[in-house]
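*Asks:* I am sharing work_25.txt, which consists of compact mmCIF, C-alpha atoms and all ligand atoms:
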```
# COMPACT_ATOMS: atom_id res chain seq x y z
CA MET A 952 10.09 -13.42 -7.31
CA ALA A 953 7.75 -10.51 -8.30
CA THR A 954 9.50 -7.35 -9.60
CA ARG A 955 8.95 -4.25 -7.45
CA VAL A 956 7.67 -1.12 -9.19
CA ARG A 957 8.46 2.12 -7.38
CA PRO A 958 6.68 5.15 -8.89
CA SER A 959 7.01 8.40 -6.94
CA SER A 960 3.36 8.25 -5.79
CA LYS A 961 4.45 5.13 -3.93
CA ARG A 962 6.36 7.06 -1.27
CA CYS A 963 4.53 6.80 2.01
CA ALA A 964 4.96 7.24 5.74
CA VAL A 965 3.62 5.11 8.56
CA ILE A 966 3.19 7.02 11.83
CA GLY A 967 3.26 4.36 14.56
CA GLY A 968 5.12 2.04 12.19
CA SER A 969 7.09 0.41 15.03
CA GLY A 970 3.88 -0.97 16.57
CA PHE A 971 2.02 -4.24 16.06
CA LEU A 972 -0.28 -3.16 13.23
CA GLY A 973 2.20 -0.56 11.92
CA ARG A 974 4.95 -3.10 11.30
CA HIS A 975 2.61 -5.53 9.50
CA LEU A 976 1.45 -2.60 7.37
CA VAL A 977 5.03 -1.57 6.59
CA GLU A 978 5.88 -5.12 5.48
CA LYS A 979 2.87 -5.25 3.13
CA LEU A 980 3.65 -1.80 1.69
CA LEU A 981 7.23 -2.85 0.92
CA ASP A 982 5.87 -5.98 -0.76
CA ARG A 983 3.65 -3.81 -2.92
CA GLY A 984 6.55 -1.66 -4.09
CA TYR A 985 6.15 1.37 -1.80
CA SER A 986 9.14 3.03 -0.21
CA VAL A 987 8.34 3.63 3.45
CA SER A 988 9.31 6.13 6.14
CA VAL A 989 8.41 5.10 9.68
CA PHE A 990 7.76 7.78 12.27
CA ASP A 991 7.50 6.53 15.86
CA ILE A 992 8.69 7.41 19.36
CA ARG A 993 10.64 4.15 19.35
CA GLN A 994 12.41 2.02 16.77
CA SER A 995 11.61 -1.66 17.27
CA TYR A 996 13.21 -3.28 14.15
CA GLU A 997 15.24 -2.63 11.03
CA LEU A 998 14.19 -3.50 7.48
CA PRO A 999 15.77 -2.79 4.09
CA GLY A 1000 13.74 -0.14 2.25
CA VAL A 1001 12.50 1.51 5.46
CA THR A 1002 13.79 4.84 6.78
CA PHE A 1003 13.19 5.36 10.48
CA HIS A 1004 12.45 8.74 12.03
CA GLN A 1005 12.28 8.60 15.80
CA GLY A 1006 10.13 11.34 17.35
CA ASP A 1007 6.92 12.33 19.07
CA LEU A 1008 4.01 12.99 16.71
CA CYS A 1009 3.15 16.08 18.78
CA ASN A 1010 6.33 17.66 17.39
CA LYS A 1011 5.50 19.20 14.02
CA GLN A 1012 9.09 19.95 13.05
CA ALA A 1013 10.11 16.33 13.61
CA LEU A 1014 7.09 15.16 11.59
CA LEU A 1015 7.88 17.55 8.71
CA LEU A 1016 11.31 15.93 8.27
CA ALA A 1017 9.72 12.47 7.98
CA LEU A 1018 6.99 13.66 5.57
CA LYS A 1019 9.31 15.28 3.03
CA ASP A 1020 8.35 14.09 -0.51
CA VAL A 1021 5.71 11.75 0.92
CA SER A 1022 2.30 11.65 -0.81
CA LEU A 1023 0.52 9.11 1.40
CA VAL A 1024 0.46 8.91 5.22
CA PHE A 1025 -0.93 6.15 7.44
CA HIS A 1026 -1.54 7.27 11.04
CA CYS A 1027 -1.70 4.23 13.32
CA ALA A 1028 0.01 5.56 16.45
CA SER A 1029 -1.74 5.65 19.81
CA PRO A 1030 -0.87 5.07 23.44
CA ALA A 1031 -1.92 1.54 24.51
CA PRO A 1032 -5.52 1.37 25.84
CA ALA A 1033 -4.19 -0.30 29.01
CA SER A 1034 -2.29 2.86 30.01
CA ASP A 1035 -5.62 4.52 30.99
CA ASP A 1036 -3.78 7.87 31.18
CA ARG A 1037 -6.22 10.62 30.27
CA ALA A 1038 -3.63 13.39 29.78
CA LEU A 1039 -1.49 11.15 27.55
CA PHE A 1040 -4.47 10.08 25.39
CA GLU A 1041 -5.57 13.71 24.97
CA ARG A 1042 -2.06 14.89 24.12
CA VAL A 1043 -1.29 12.14 21.60
CA ASN A 1044 -4.66 11.20 20.10
CA ILE A 1045 -6.24 14.67 19.96
CA GLN A 1046 -3.55 17.39 19.96
CA GLY A 1047 -1.06 15.04 18.27
CA THR A 1048 -3.51 14.18 15.50
CA GLN A 1049 -4.15 17.91 14.93
CA THR A 1050 -0.39 18.29 14.54
CA VAL A 1051 -0.26 15.33 12.12
CA ILE A 1052 -2.96 16.96 9.97
CA GLN A 1053 -1.17 20.35 9.95
CA ALA A 1054 2.16 18.70 9.13
CA CYS A 1055 0.58 16.69 6.29
CA ILE A 1056 -0.95 19.83 4.78
CA GLU A 1057 2.30 21.83 5.14
CA ALA A 1058 4.34 18.98 3.64
CA GLY A 1059 2.00 18.66 0.64
CA VAL A 1060 0.79 15.15 1.57
CA GLN A 1061 -2.23 14.20 -0.59
CA LYS A 1062 -3.76 11.30 1.35
CA LEU A 1063 -4.13 10.49 5.05
CA VAL A 1064 -5.43 7.10 6.20
CA LEU A 1065 -6.27 6.97 9.91
CA THR A 1066 -6.47 3.79 11.97
CA SER A 1067 -9.54 4.52 14.06
CA SER A 1068 -11.48 1.83 15.97
CA ALA A 1069 -14.92 0.25 15.76
CA SER A 1070 -15.12 0.96 19.50
CA VAL A 1071 -15.89 4.63 18.77
CA VAL A 1072 -19.59 3.64 18.73
CA PHE A 1073 -19.40 1.19 21.67
CA GLU A 1074 -20.83 2.26 25.04
CA GLY A 1075 -21.07 -1.14 26.73
CA ALA A 1076 -24.46 -2.13 25.24
CA ASP A 1077 -24.85 -4.84 22.58
CA ILE A 1078 -23.98 -3.93 18.97
CA LYS A 1079 -25.07 -6.49 16.39
CA ASN A 1080 -23.95 -6.04 12.79
CA GLY A 1081 -23.30 -2.32 13.51
CA ARG A 1082 -23.05 -0.01 10.48
CA GLU A 1083 -20.85 3.08 10.17
CA ASP A 1084 -23.86 5.39 10.56
CA LEU A 1085 -24.28 4.44 14.25
CA PRO A 1086 -23.74 7.59 16.36
CA TYR A 1087 -20.45 8.03 18.20
CA ALA A 1088 -20.62 6.83 21.82
CA LYS A 1089 -22.15 9.63 23.93
CA ASN A 1090 -20.70 8.15 27.10
CA PRO A 1091 -17.46 6.51 25.96
CA ILE A 1092 -16.47 3.76 28.33
CA ASP A 1093 -12.82 4.85 28.76
CA TYR A 1094 -10.40 7.68 27.90
CA TYR A 1095 -8.92 5.69 25.01
CA THR A 1096 -12.32 5.49 23.29
CA GLU A 1097 -13.16 9.11 24.13
CA THR A 1098 -10.00 10.34 22.40
CA LYS A 1099 -10.29 7.89 19.45
CA ILE A 1100 -13.69 9.51 18.74
CA GLU A 1101 -12.23 13.03 18.69
CA GLN A 1102 -9.29 11.81 16.60
CA GLU A 1103 -11.56 10.27 13.96
CA LYS A 1104 -13.74 13.41 13.80
CA LEU A 1105 -10.65 15.61 13.29
CA VAL A 1106 -9.25 13.47 10.47
CA LEU A 1107 -12.54 13.06 8.59
CA LYS A 1108 -13.34 16.80 8.91
CA ALA A 1109 -9.93 17.67 7.44
CA CYS A 1110 -10.81 16.02 4.10
CA ASP A 1111 -10.74 18.80 1.52
CA LYS A 1112 -11.01 17.94 -2.17
CA GLN A 1113 -10.43 21.59 -3.19
CA LYS A 1114 -7.11 21.69 -1.36
CA GLY A 1115 -6.20 18.23 -2.63
CA PHE A 1116 -6.00 16.73 0.87
CA LEU A 1117 -8.01 13.50 1.12
CA THR A 1118 -8.71 11.52 4.29
CA VAL A 1119 -10.39 8.26 5.25
CA ALA A 1120 -10.66 6.27 8.53
CA ILE A 1121 -10.40 2.51 8.98
CA ARG A 1122 -12.22 1.10 12.00
CA PRO A 1123 -10.81 -2.34 12.86
CA HIS A 1124 -11.99 -4.43 15.80
CA GLY A 1125 -10.13 -6.88 18.03
CA ILE A 1126 -6.92 -7.10 16.00
CA PHE A 1127 -4.91 -10.27 16.62
CA GLY A 1128 -1.97 -12.01 15.00
CA PRO A 1129 1.76 -12.68 15.35
CA ARG A 1130 3.65 -10.10 17.46
CA ASP A 1131 0.49 -8.66 19.05
CA PRO A 1132 1.62 -7.23 22.40
CA GLN A 1133 -1.87 -7.20 23.92
CA LEU A 1134 -4.49 -9.84 23.24
CA VAL A 1135 -2.57 -13.14 23.53
CA PRO A 1136 -0.08 -11.88 26.17
CA ILE A 1137 -2.92 -10.55 28.41
CA LEU A 1138 -4.85 -13.77 27.94
CA VAL A 1139 -1.86 -15.99 28.78
CA ASP A 1140 -0.85 -13.81 31.72
CA THR A 1141 -4.42 -14.09 33.10
CA ALA A 1142 -4.35 -17.87 32.57
CA ARG A 1143 -0.94 -18.22 34.23
CA ARG A 1144 -2.29 -16.35 37.27
CA GLY A 1145 -5.13 -18.89 37.45
CA LYS A 1146 -7.80 -16.29 36.59
CA MET A 1147 -9.02 -17.73 33.28
CA LYS A 1148 -11.49 -20.16 34.85
CA PHE A 1149 -14.57 -18.01 34.44
CA ILE A 1150 -16.91 -17.09 31.61
CA ILE A 1151 -18.58 -13.72 32.09
CA GLY A 1152 -22.29 -14.06 31.27
CA ASP A 1153 -23.76 -17.03 29.39
CA GLY A 1154 -20.84 -17.20 26.93
CA THR A 1155 -22.96 -16.77 23.79
CA ASN A 1156 -22.01 -13.16 23.00
CA LEU A 1157 -20.70 -12.68 19.46
CA VAL A 1158 -17.71 -10.46 18.76
CA ASP A 1159 -15.42 -9.54 15.86
CA PHE A 1160 -11.79 -10.56 16.11
CA THR A 1161 -9.80 -9.46 13.07
CA PHE A 1162 -6.61 -11.06 11.82
CA VAL A 1163 -3.96 -8.37 11.39
CA GLU A 1164 -3.39 -9.10 7.68
CA ASN A 1165 -7.05 -8.34 6.98
CA VAL A 1166 -6.70 -5.01 8.76
CA VAL A 1167 -3.61 -4.24 6.67
CA HIS A 1168 -5.50 -5.24 3.50
CA GLY A 1169 -8.30 -2.78 4.40
CA HIS A 1170 -5.77 0.04 4.91
CA VAL A 1171 -4.04 -0.58 1.57
CA LEU A 1172 -7.37 -0.76 -0.29
CA ALA A 1173 -8.50 2.49 1.33
CA ALA A 1174 -5.24 4.25 0.38
CA GLU A 1175 -5.42 3.05 -3.21
CA HIS A 1176 -9.12 3.98 -3.61
CA LEU A 1177 -8.69 7.44 -2.07
CA LYS A 1178 -9.07 9.75 -5.09
CA PRO A 1179 -10.89 13.10 -5.48
CA ASP A 1180 -13.84 11.48 -7.30
CA SER A 1181 -14.16 8.51 -4.96
CA PRO A 1182 -17.10 8.08 -2.51
CA ILE A 1183 -14.73 7.09 0.27
CA CYS A 1184 -13.35 10.61 0.95
CA GLY A 1185 -13.99 11.71 4.53
CA LYS A 1186 -15.72 8.46 5.53
CA PRO A 1187 -15.11 5.73 8.13
CA TYR A 1188 -14.97 2.01 7.18
CA HIS A 1189 -15.39 -1.06 9.39
CA ILE A 1190 -12.77 -3.68 8.63
CA THR A 1191 -13.24 -7.03 10.36
CA ASN A 1192 -12.88 -10.75 9.59
CA ASP A 1193 -16.61 -10.67 8.75
CA GLU A 1194 -16.98 -13.87 10.82
CA PRO A 1195 -18.41 -12.91 14.24
CA VAL A 1196 -17.46 -15.53 16.81
CA ARG A 1197 -18.44 -16.19 20.43
CA PHE A 1198 -15.96 -14.16 22.54
CA TRP A 1199 -15.41 -17.14 24.86
CA ASP A 1200 -14.97 -19.64 21.98
CA PHE A 1201 -12.24 -17.44 20.53
CA MET A 1202 -10.52 -17.14 23.95
CA SER A 1203 -10.83 -20.91 24.46
CA ASP A 1204 -9.41 -21.72 20.99
CA VAL A 1205 -6.34 -19.57 21.67
CA LEU A 1206 -5.89 -20.90 25.22
CA VAL A 1207 -6.31 -24.55 24.25
CA GLY A 1208 -4.04 -24.03 21.22
CA LEU A 1209 -1.33 -22.85 23.63
CA GLY A 1210 -1.92 -25.75 26.04
CA TYR A 1211 -4.05 -23.99 28.70
CA ALA A 1212 -7.49 -25.06 29.95
CA ALA A 1213 -10.54 -23.27 28.54
CA PRO A 1214 -12.68 -21.27 31.02
CA ARG A 1215 -15.69 -23.28 32.31
CA TYR A 1216 -17.52 -21.60 35.20
CA HIS A 1217 -20.07 -18.86 34.57
CA LEU A 1218 -20.29 -15.56 36.48
CA PRO A 1219 -23.21 -13.09 36.11
CA TYR A 1220 -22.29 -10.19 33.82
CA THR A 1221 -23.82 -7.43 36.01
CA LEU A 1222 -22.00 -8.66 39.11
CA VAL A 1223 -18.58 -8.65 37.39
CA TYR A 1224 -19.24 -5.31 35.68
CA GLY A 1225 -20.26 -3.75 39.04
CA LEU A 1226 -17.12 -5.08 40.71
CA ALA A 1227 -14.93 -3.78 37.87
CA LEU A 1228 -16.54 -0.35 38.19
CA LEU A 1229 -15.92 -0.35 41.94
CA LEU A 1230 -12.29 -1.38 41.48
CA TRP A 1231 -11.78 1.33 38.86
CA LEU A 1232 -13.25 3.99 41.19
CA LEU A 1233 -11.07 2.75 44.04
CA SER A 1234 -7.97 2.92 41.85
CA LEU A 1235 -8.89 6.54 40.99
CA ILE A 1236 -9.50 7.56 44.62
CA LEU A 1237 -6.35 5.84 45.88
CA ARG A 1238 -4.14 7.00 42.99
CA PRO A 1239 -2.32 9.66 45.11
CA LEU A 1240 -1.44 6.97 47.70
CA ILE A 1241 -0.99 3.72 45.78
CA SER A 1242 -1.07 2.92 42.09
CA PHE A 1243 -2.62 -0.35 40.90
CA LYS A 1244 -4.02 -1.41 37.53
CA PRO A 1245 -6.97 -3.83 37.83
CA THR A 1246 -7.10 -6.69 35.23
CA PHE A 1247 -10.87 -6.42 35.19
CA THR A 1248 -11.59 -2.87 33.96
CA PRO A 1249 -15.22 -1.94 33.09
CA MET A 1250 -14.20 -1.73 29.39
CA ARG A 1251 -12.68 -5.21 29.41
CA VAL A 1252 -15.66 -6.73 31.18
CA ALA A 1253 -18.02 -5.03 28.69
CA LEU A 1254 -15.94 -6.34 25.77
CA ALA A 1255 -15.96 -9.84 27.26
CA GLY A 1256 -19.67 -10.00 28.10
CA THR A 1257 -21.63 -8.21 25.34
CA HIS A 1258 -22.24 -8.63 21.61
CA HIS A 1259 -20.11 -6.29 19.49
CA TYR A 1260 -19.77 -7.11 15.84
CA TYR A 1261 -19.89 -4.86 12.83
CA SER A 1262 -20.98 -4.94 9.20
CA CYS A 1263 -18.28 -4.63 6.51
CA LYS A 1264 -20.89 -3.98 3.79
CA ARG A 1265 -19.65 -0.45 3.11
CA ALA A 1266 -16.04 -1.61 2.76
CA LYS A 1267 -17.12 -4.44 0.45
CA GLU A 1268 -19.11 -2.07 -1.77
CA ASP A 1269 -16.74 0.92 -1.88
CA LEU A 1270 -13.34 -0.74 -1.50
CA GLY A 1271 -13.95 -4.23 -2.83
CA TYR A 1272 -12.88 -5.50 0.61
CA LYS A 1273 -12.96 -9.20 1.40
CA PRO A 1274 -10.96 -10.78 4.24
CA VAL A 1275 -7.83 -12.51 2.92
CA VAL A 1276 -7.27 -14.80 5.94
CA SER A 1277 -10.08 -16.79 7.63
CA LEU A 1278 -10.54 -16.77 11.40
CA LYS A 1279 -9.51 -20.43 11.68
CA GLU A 1280 -6.31 -19.86 9.72
CA GLY A 1281 -5.62 -16.62 11.63
CA ILE A 1282 -5.95 -18.37 15.01
CA ALA A 1283 -3.68 -21.23 13.86
CA ARG A 1284 -1.00 -18.81 12.62
CA THR A 1285 -1.25 -16.75 15.80
CA VAL A 1286 -0.97 -19.72 18.16
CA GLN A 1287 2.02 -21.02 16.22
CA SER A 1288 3.78 -17.67 16.49
CA TYR A 1289 3.89 -17.67 20.33
CA PRO A 1290 6.04 -20.73 21.27
CA HIS A 1291 7.35 -18.86 24.33
CA LEU A 1292 3.81 -18.37 25.69
CA ARG A 1293 2.88 -22.08 25.50
CA HIS A 1294 1.94 -23.79 28.75
CA GLY A 1295 5.13 -25.01 30.42
CA ALA A 1296 7.48 -23.01 28.15
N1 LIG B 1301 -4.98 -3.61 18.64
C1 LIG B 1301 -6.28 -3.54 18.45
O1 LIG B 1301 -7.03 -4.48 18.73
C2 LIG B 1301 -6.87 -2.30 17.85
C3 LIG B 1301 -6.09 -1.20 17.56
N2 LIG B 1301 -6.66 -0.09 16.98
C4 LIG B 1301 -5.83 1.05 16.62
O2 LIG B 1301 -4.78 0.61 15.79
C5 LIG B 1301 -3.63 1.43 15.96
C6 LIG B 1301 -2.42 0.56 16.15
O3 LIG B 1301 -2.59 -0.22 17.32
P1 LIG B 1301 -1.55 -1.35 17.73
O4 LIG B 1301 -0.64 -1.63 16.63
O5 LIG B 1301 -2.34 -2.41 18.36
O6 LIG B 1301 -0.77 -0.59 18.91
P2 LIG B 1301 0.79 -0.55 19.25
O7 LIG B 1301 0.88 -0.03 20.65
O8 LIG B 1301 1.44 -1.83 18.95
O9 LIG B 1301 1.34 0.55 18.24
C7 LIG B 1301 1.19 1.93 18.43
C8 LIG B 1301 2.50 2.62 18.07
O10 LIG B 1301 2.32 4.02 18.25
C9 LIG B 1301 3.53 4.55 18.75
N3 LIG B 1301 3.28 5.82 19.45
C10 LIG B 1301 2.59 6.00 20.60
N4 LIG B 1301 2.61 7.27 20.94
C11 LIG B 1301 3.35 7.93 20.01
C12 LIG B 1301 3.77 9.29 19.86
N5 LIG B 1301 3.43 10.22 20.73
N6 LIG B 1301 4.49 9.61 18.77
C13 LIG B 1301 4.88 8.65 17.87
N7 LIG B 1301 4.52 7.35 17.99
C14 LIG B 1301 3.77 7.00 19.06
C15 LIG B 1301 4.03 3.47 19.70
O11 LIG B 1301 5.42 3.61 19.99
C16 LIG B 1301 3.69 2.21 18.94
O12 LIG B 1301 4.76 1.77 18.16
C17 LIG B 1301 -3.95 2.37 17.11
O13 LIG B 1301 -4.36 3.60 16.60
C18 LIG B 1301 -5.11 1.71 17.82
O14 LIG B 1301 -5.95 2.66 18.42
C19 LIG B 1301 -8.00 -0.06 16.67
C20 LIG B 1301 -8.80 -1.10 16.95
C21 LIG B 1301 -8.32 -2.32 17.57
C1 LIG B 1302 -12.84 -7.91 20.52
C2 LIG B 1302 -11.93 -6.94 21.14
C3 LIG B 1302 -12.20 -5.53 20.94
C4 LIG B 1302 -10.84 -7.39 21.80
C5 LIG B 1302 -9.81 -6.42 22.28
C6 LIG B 1302 -8.67 -7.06 22.99
C7 LIG B 1302 -8.70 -6.97 24.51
C8 LIG B 1302 -9.58 -5.87 24.98
C9 LIG B 1302 -9.09 -8.35 25.07
C10 LIG B 1302 -7.93 -9.30 24.79
C11 LIG B 1302 -7.82 -10.26 25.97
C12 LIG B 1302 -9.12 -10.00 26.70
C13 LIG B 1302 -9.30 -10.48 28.07
C14 LIG B 1302 -10.24 -9.91 28.87
C15 LIG B 1302 -10.97 -8.68 28.45
C16 LIG B 1302 -10.74 -8.24 27.01
C17 LIG B 1302 -9.33 -8.51 26.56
C18 LIG B 1302 -8.30 -7.72 27.38
C19 LIG B 1302 -10.49 -10.40 30.25
C20 LIG B 1302 -9.73 -9.50 31.21
C21 LIG B 1302 -11.99 -10.35 30.56
C22 LIG B 1302 -12.26 -10.88 31.94
C23 LIG B 1302 -11.67 -12.23 32.17
O1 LIG B 1302 -12.29 -13.14 32.64
C24 LIG B 1302 -10.26 -12.37 31.78
C25 LIG B 1302 -10.06 -11.88 30.36
C26 LIG B 1302 -8.63 -11.99 29.91
C27 LIG B 1302 -8.53 -11.68 28.47
```
Please re-express this file's structure in structure tokens.
Ligand SMILES: NC(=O)C1=CN([C@@H]2O[C@H](COP(=O)(O)OP(=O)(O)OC[C@H]3O[C@@H](n4cnc5c(N)ncnc54)[C@H](O)[C@@H]3O)[C@@H](O)[C@H]2O)C=CC1
Ligand SMILES: CC(C)=CCC[C@@H](C)[C@H]1CC[C@H]2C3=C(CC[C@]12C)[C@@]1(C)CCC(=O)C[C@@H]1CC3
*Replies:*
Amino acid sequence: MATRVRPSSKRCAVIGGSGFLGRHLVEKLLDRGYSVSVFDIRQSYELPGVTFHQGDLCNKQALLLALKDVSLVFHCASPAPASDDRALFERVNIQGTQTVIQACIEAGVQKLVLTSSASVVFEGADIKNGREDLPYAKNPIDYYTETKIEQEKLVLKACDKQKGFLTVAIRPHGIFGPRDPQLVPILVDTARRGKMKFIIGDGTNLVDFTFVENVVHGHVLAAEHLKPDSPICGKPYHITNDEPVRFWDFMSDVLVGLGYAAPRYHLPYTLVYGLALLLWLLSLILRPLISFKPTFTPMRVALAGTHHYYSCKRAKEDLGYKPVVSLKEGIARTVQSYPHLRHGA
């Protein structure tokens, strides 16, 4: 077994550390000899070497307690995109992130690594091999994306070499892997309701799906390269599997791996997108009377029917990034990790 080194600069905090990505990140940090404080509104597990602080990131006093003696902070907390709750996104992703920055500065934290999203440049039109210099979406497709944009701007703007506070943003895309509460569960739920028969569009659109351990690897590299003389200060980095895949092939591989049929029938993209838009408007108008959450939101239809894959060139050059788990291996490990979601289970 490898010996763990624990220098003081290896004290870090993971805000959102109870979540899917957060917990994988915490496990890797422990492996690498960091001592970790988790700050989250909920505690979802216990691990030796991890101190839990339960609280809302909008509460600076609660944050300050968790950031005591911490030199490195990872911020990967966000409300789930599916909540579609504008006020909540604004409170947590924008005001909350401002509070995180203030708390970091007050607590003497030296480095802040934000989990942003490649979707900050996505407006529903094709993106092929997108670079980090693409402009932010002018008309973000949902409130989640709108507030992720503001969040990333706040964190990158806060980078201040003079004050010794360094920031960087990681933009993953389509994270999947064991314990993911979204991608595989939504997919299986849709299949179990008999709605996974259709392919939106011609089925050839390429997309990035990123195995969670590659996303974690990108975060750790960013944290360890974040130094006053490094070119990465104040910049965003795409982190993907660097293996764009047809959206519908990926969905089919996961479904078939779990014993469900792959979708076969094609539906025109514009028709489905129009219907999703109509449903979304209806749900807004009827919200005071009845509350319903459509499966087919405009964002989901756009993600399912367009090209959206990103270049990792900047991360390769500046961080020495290279995916550590291939897509094939990632899918196999993911499928294996969901025995309870198998067909007939
Ligand atoms: N899952 C994906 O495909 C992608 C995720 N991201 C970003 O990665 C980050 C992590 O996402 P996941 O792990 O998938 O989500 P998750 O929902 O599993 O984890 C988010 C965590 O944040 C915590 N949280 C929410 N509001 C909070 C608050 N007010 N105070 C303290 N903690 C709070 C939640 O309790 C949860 O544990 C998020 O910032 C998300 O925007 C970016 C691109 C793709
Ligand atoms: C690449 C990327 C950013 C993926 C993000 C994850 C989710 C947005 C997808 C995971 C399961 C997907 C899914 C659909 C849309 C996108 C997801 C929610 C559909 C609702 C698209 C329309 C269908 O025919 C059913 C799909 C179920 C799975």
*Asks:* Lys1062 (chain A): which residues within 7 Å, counting only C-alpha atoms, same-chain residues fewer than 4 positions away excluded, as a ChimeraX atom specification?
*Replies:* /A:1022-1024,1116-1118
*Asks:* Grab all the atoms of ligand LIG 1302 (chain B) that the file lists, wrap them in a box along x, y and z, add 5 Å per side, and give me centre plus edge lengths in Å (one decimal) as JSON.
*Replies:*
```
{"center_x": -10.3, "center_y": -9.3, "center_z": 26.6, "size_x": 15.0, "size_y": 17.6, "size_z": 22.1}
```
*Asks:* Which of these, A:Met1250, A:Leu1172, A:Leu1240, A:Val987, has the shortest distance to Lys1273 (chain A) once you count all atoms listed in the file?
*Replies:*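 Checking each candidate against Lys1273 (chain A), we get A:Leu1172 as the closest.
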*Asks:* Please indicate the distance in Å from atom O7 of ligand LIG 1301 (chain B) to CA of Ala1109 (chain A), rounded to one decimal place.
*Replies:*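 Atom-to-atom, atom O7 of ligand LIG 1301 (chain B) to CA of Ala1109 (chain A), that is 24.6 Å.
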*Asks:* Can you tell me which residues come within 8 Å of ligand LIG 1301 (chain B) when counting only C-alpha atoms and all ligand atoms, ideally as a ChimeraX atom specification?
*Replies:* /A:966-974,990-995,1005-1009,1026-1032,1042-1043,1047,1065-1070,1095,1099,1122-1127,1131-1134
*Asks:* Would you name the residues within 8 Å of ligand LIG 1302 (chain B), counting all atoms listed in the file, and put them as an MDAnalysis selection string?
*Replies:* chainID A and resid 1070 1124:1126 1133:1139 1141:1142 1146:1151 1158:1160 1198 1202 1246:1248 1250:1255 1259
*Asks:* I'd like the interatomic distance between CA of Leu980 (chain A) and CA of Leu1018 (chain A), to a tenth of an Å.
*Replies:* 16.3 Å
*Asks:* May I ask for the distance between CA of Leu1107 (chain A) and CA of Pro1274 (chain A), given in Å to one decimal place?
*Replies:*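 Taking CA of Leu1107 (chain A) as the start and CA of Pro1274 (chain A) as the end point, the length is 24.3 Å.
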*Asks:* So, counting all atoms listed in the file, which residue among A:Glu1057, A:Glu1103, A:Asp1153, A:Asp1269 is closest to Leu1177 (chain A)?
*Replies:*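 Using all atoms listed in the file, Leu1177 (chain A) sits closest to A:Asp1269.
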*Asks:* Show me, as a PyMOL selection string, the residues that have an atom within 10 Å of Thr1221 (chain A) when counting only C-alpha atoms, minus same-chain residues fewer than 2 positions from it.
*Replies:* chain A and resi 1151-1152+1218-1219+1223-1227+1252-1253+1256
*Asks:* Between A:Leu1292, A:Val1275, A:Val1205, A:Val1071, which is the closest to Pro1187 (chain A) once you count all atoms listed in the file?
*Replies:*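 Using all atoms listed in the file, the shortest distance to Pro1187 (chain A) belongs to A:Val1071.
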*Asks:* Identify, on the basis of all atoms listed in the file, every residue whose closest approach to Ile1078 (chain A) does not exceed 10 Å; exclude the query and any residue fewer than 3 positions from it along the same chain; express the result as a PyMOL selection string.
*Replies:* chain A and resi 1072-1075+1081-1082+1085+1157-1158+1257-1261
*Asks:* Which is closest to Ala1033 (chain A) among A:Thr1161, A:Ser1181, A:Arg1238, A:Thr1096, if we use all atoms listed in the file?
*Replies:*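 Using all atoms listed in the file, the shortest distance to Ala1033 (chain A) belongs to A:Thr1096.
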*Asks:* With distances taken over all atoms listed in the file, which residue among A:Phe1025, A:Tyr1220, A:Phe1201, A:Tyr1289 lies nearest His1170 (chain A)?
*Replies:*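 The shortest atom-to-atom distance to His1170 (chain A) comes from A:Phe1025.
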